[in-house]
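In what follows, a single structure is set out as structure tokens and then discussed.
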Amino acid sequence: MAVTPTCPVHYDPLDEATLADPYPVLAALRAHAPLVWHDTMECWLVTGYDDCVRVLRDHESFARDPRRLGRTVPEASLSVQVLDPPHQAAVRSAFMTSLRAQDLSALQERARRDFAARLEVLAPRPVWDVMCELAQPVALNAIADLLGVSPPPLSAWVKVSDTIMRSMDGGLNPDLVEPGRRAREELSELVTSWFTATGSPAGLLGHVRARTTDAGPELARYVVHTARVMFQGGYSTLAAAIGNCVDTLVHNPPAQRVLREAPQLRATGVDELVRYDGPVQGTTRLAADDVLLGGRTVHRGEKVTVLFQAANRDPACFEHPDRLVLDRSPNRHLGYGWGTHACLGTTVAQRVLVALVDALADQPGLLQAAGVARRRNTATMRAFDQLPVTFQP
């Protein structure tokens, strides 16, 4: 099938320069055309905010569930993040209702205390790593706290989560797919044990289980798979977001001072930090029919990749998009996705990030870089492998 000639702007999400700073090439893509075909990724790249939102909203034209185009999907992958409306409705409703029933203010305070206790130990050190010593343990504790389960051992969990996260780039490297499948199976066994354990679990999972006790076998499977996605996806997204927020603050000392001195700006400030350098770079849909998008015809079955980070810097939607504006409002960014397939834990992530800013504000010094940061070599998730920092005296 003939498609539009490849865009002259070279875009390799795993290029070292792009991993370090993807925004110049994303701006060049957006300036060239709102929709461009990428030969290597075999998909259309969507870079404009309005077109991205349209794809995410228009479930009739753009399918998340490949089965709608006659393709197979592993049973374990059928969760709230894959099912399209209306088939998604029952499981999404169960989780969203249970999420609203949680005391998120108390969870935020527990996360703040977790950050504060770790920072008290880390602050005197000349150098410490944000990812392994702060982001990963706090993110794991916070997601386990939300679900009402005991967190698995951190070191083993990081390996499982990392394998799953890397497998999201299976379209670029097929060798990542099978290790990711095995890691998901291992995680599924853990999550299933939470639902089959004697007694009623606490937290969100306890609430979900109580609401779906009499559900049919199909919904019961969707619930377990969604719990797995929420645990792993919530952890990896939150850990990445913590690292990205700290990195942005390290390179913006005035923003650190503003957030320290103006606590009323911390909620909007966190929202802006996620817009400015969010954790999730994009998501993919399949055209369910021939559809006109961005002035191009996308044919049935072709992949469409929504680039969140390009949309979040679109000057047609965000004034001064390359500036960090801590009081930006409204701020309808796509940092966690959009619509019915958006991250279920968005509200929780925002609260934990506010807890991070609160805890940093209580430190006597400002954060600064203390070595070479290393970005994770992943296309879907924008995260750090290593982020060494220190507090100014």
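Each chain of the structure tokens is named A, B, ... in the order shown, its residues numbered from 1; ligands are numbered from 1 in display order.
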
Can you list every residue of stretch 126-186 of chain A that has an atom at most 8 Å from stretch 218-240 of chain A, with its nearest atom pair and the distance in Å to one decimal, using only C-alpha atoms, ordered by chain then number, as JSON lines?
```
{"residue": "A:Met131", "atom": "CA", "partner": "A:Ala239", "partner_atom": "CA", "distance": 7.3}
{"residue": "A:Ala135", "atom": "CA", "partner": "A:Ala239", "partner_atom": "CA", "distance": 4.9}
{"residue": "A:Gln136", "atom": "CA", "partner": "A:Ala239", "partner_atom": "CA", "distance": 5.4}
{"residue": "A:Val138", "atom": "CA", "partner": "A:Ala239", "partner_atom": "CA", "distance": 7.9}
{"residue": "A:Ala139", "atom": "CA", "partner": "A:Ala239", "partner_atom": "CA", "distance": 5.4}
{"residue": "A:Leu140", "atom": "CA", "partner": "A:Tyr235", "partner_atom": "CA", "distance": 5.7}
{"residue": "A:Ile143", "atom": "CA", "partner": "A:Tyr235", "partner_atom": "CA", "distance": 6.1}
{"residue": "A:Ala144", "atom": "CA", "partner": "A:Phe231", "partner_atom": "CA", "distance": 7.4}
{"residue": "A:Leu147", "atom": "CA", "partner": "A:Phe231", "partner_atom": "CA", "distance": 7.8}
{"residue": "A:Ser161", "atom": "CA", "partner": "A:Gln232", "partner_atom": "CA", "distance": 6.3}
{"residue": "A:Met165", "atom": "CA", "partner": "A:Ser236", "partner_atom": "CA", "distance": 7.5}
```

How about saving the chosen residues, N, CA and C atoms kept, as a PDB file, in the first residue's frame?
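Just written: selection12.pdb:
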```
ATOM      1  N   MET A 131      17.599   7.703  41.452  1.00  0.00           N
ATOM      2  CA  MET A 131      16.764   6.594  41.000  1.00  0.00           C
ATOM      3  C   MET A 131      16.753   5.435  42.000  1.00  0.00           C
ATOM      4  N   ALA A 135      13.736   7.412  44.064  1.00  0.00           N
ATOM      5  CA  ALA A 135      12.583   7.227  43.178  1.00  0.00           C
ATOM      6  C   ALA A 135      12.030   5.811  43.224  1.00  0.00           C
ATOM      7  N   GLN A 136      12.891   4.826  43.070  1.00  0.00           N
ATOM      8  CA  GLN A 136      12.415   3.443  43.002  1.00  0.00           C
ATOM      9  C   GLN A 136      11.799   2.968  44.316  1.00  0.00           C
ATOM     10  N   VAL A 138      10.512   4.706  46.882  1.00  0.00           N
ATOM     11  CA  VAL A 138       9.299   5.446  47.231  1.00  0.00           C
ATOM     12  C   VAL A 138       8.170   5.092  46.275  1.00  0.00           C
ATOM     13  N   ALA A 139       8.463   4.967  44.990  1.00  0.00           N
ATOM     14  CA  ALA A 139       7.419   4.608  44.029  1.00  0.00           C
ATOM     15  C   ALA A 139       6.842   3.234  44.339  1.00  0.00           C
ATOM     16  N   LEU A 140       7.687   2.278  44.661  1.00  0.00           N
ATOM     17  CA  LEU A 140       7.198   0.936  44.991  1.00  0.00           C
ATOM     18  C   LEU A 140       6.340   0.968  46.245  1.00  0.00           C
ATOM     19  N   ILE A 143       2.821   2.707  45.467  1.00  0.00           N
ATOM     20  CA  ILE A 143       1.866   1.903  44.694  1.00  0.00           C
ATOM     21  C   ILE A 143       1.368   0.726  45.522  1.00  0.00           C
ATOM     22  N   ALA A 144       2.259   0.096  46.277  1.00  0.00           N
ATOM     23  CA  ALA A 144       1.822  -0.988  47.158  1.00  0.00           C
ATOM     24  C   ALA A 144       0.856  -0.460  48.216  1.00  0.00           C
ATOM     25  N   LEU A 147      -2.585  -0.003  46.597  1.00  0.00           N
ATOM     26  CA  LEU A 147      -3.286  -1.262  46.342  1.00  0.00           C
ATOM     27  C   LEU A 147      -3.591  -2.028  47.615  1.00  0.00           C
ATOM     28  N   SER A 161      10.276  -5.311  36.686  1.00  0.00           N
ATOM     29  CA  SER A 161       9.651  -4.135  36.095  1.00  0.00           C
ATOM     30  C   SER A 161      10.453  -3.617  34.913  1.00  0.00           C
ATOM     31  N   MET A 165       9.143  -3.116  31.151  1.00  0.00           N
ATOM     32  CA  MET A 165       9.208  -1.794  30.530  1.00  0.00           C
ATOM     33  C   MET A 165       9.960  -1.851  29.208  1.00  0.00           C
TER      34      MET A 165
END
```

What are the nearest atom pairs, with distances in Å to one decimal, for all residues of stretch 232-313 of chain A that come at most 10 Å from stretch 333-343 of chain A, using only C-alpha atoms, set out by chain and rising residue number as a tab-separated table?
```
residue	atom	partner	partner_atom	distance
A:Gly233	CA	A:Cys343	CA	8.0
A:Gly234	CA	A:Cys343	CA	7.6
A:Thr237	CA	A:Tyr336	CA	8.4
A:Ala241	CA	A:Gly335	CA	9.4
A:Asp271	CA	A:His333	CA	8.2
A:Glu272	CA	A:His333	CA	8.4
A:Leu273	CA	A:Gly335	CA	9.5
A:Val274	CA	A:Gly335	CA	5.8
A:Arg275	CA	A:His333	CA	5.6
A:Tyr276	CA	A:Gly335	CA	8.7
A:Asp277	CA	A:Gly335	CA	8.1
A:Gly278	CA	A:Gly335	CA	5.1
A:Pro279	CA	A:Gly335	CA	6.8
A:Val280	CA	A:Gly335	CA	6.4
A:Gln281	CA	A:Gly335	CA	8.0
A:Gly282	CA	A:Gly337	CA	7.9
A:Thr283	CA	A:Gly337	CA	8.1
A:Val306	CA	A:Gly337	CA	9.4
A:Leu307	CA	A:Leu334	CA	9.2
A:Phe308	CA	A:Leu334	CA	5.6
A:Gln309	CA	A:Gly335	CA	7.5
A:Ala310	CA	A:Leu334	CA	9.6
A:Ala311	CA	A:Leu334	CA	7.3
A:Asn312	CA	A:His333	CA	5.6
A:Arg313	CA	A:His333	CA	9.0
```

With C-alpha atoms retained, export the selected residues as an mmCIF file, in the first residue's frame.
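For reference, result-v3.cif as written:
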```
data_model
loop_
_atom_site.group_PDB
_atom_site.id
_atom_site.type_symbol
_atom_site.label_atom_id
_atom_site.label_comp_id
_atom_site.auth_asym_id
_atom_site.auth_seq_id
_atom_site.Cartn_x
_atom_site.Cartn_y
_atom_site.Cartn_z
ATOM 1 C CA GLY A 233 2.703 0.605 35.198
ATOM 2 C CA GLY A 234 2.027 2.751 38.235
ATOM 3 C CA THR A 237 5.616 5.666 35.527
ATOM 4 C CA ALA A 241 8.343 10.885 36.815
ATOM 5 C CA ASP A 271 1.584 19.456 36.754
ATOM 6 C CA GLU A 272 3.942 21.690 34.788
ATOM 7 C CA LEU A 273 6.978 19.539 35.615
ATOM 8 C CA VAL A 274 5.172 16.549 34.090
ATOM 9 C CA ARG A 275 4.190 18.534 30.985
ATOM 10 C CA TYR A 276 7.726 19.838 30.606
ATOM 11 C CA ASP A 277 9.414 16.410 30.700
ATOM 12 C CA GLY A 278 6.897 13.634 31.258
ATOM 13 C CA PRO A 279 7.538 9.933 31.863
ATOM 14 C CA VAL A 280 5.538 8.398 28.984
ATOM 15 C CA GLN A 281 6.622 9.315 25.463
ATOM 16 C CA GLY A 282 3.738 7.895 23.485
ATOM 17 C CA THR A 283 1.211 5.192 22.735
ATOM 18 C CA VAL A 306 0.708 9.476 19.438
ATOM 19 C CA LEU A 307 3.811 11.334 20.659
ATOM 20 C CA PHE A 308 2.818 12.811 24.017
ATOM 21 C CA GLN A 309 6.006 14.802 24.397
ATOM 22 C CA ALA A 310 5.556 16.489 21.032
ATOM 23 C CA ALA A 311 1.958 17.378 21.927
ATOM 24 C CA ASN A 312 3.052 18.765 25.298
ATOM 25 C CA ARG A 313 5.379 21.258 23.590
#
```

### Message
Using only C-alpha atoms for the distances, tell me which of A:Gln350, A:Ser150, A:Thr268, A:Ser167 is nearest to A:Asp327.
### Response
A:Thr268

### Message
Could you check the closest approach to A:Asp51 for each of A:Ala262, A:His207, A:Pro34, A:Ala383 and tell me which residue wins, using only C-alpha atoms?
### Response
A:Pro34
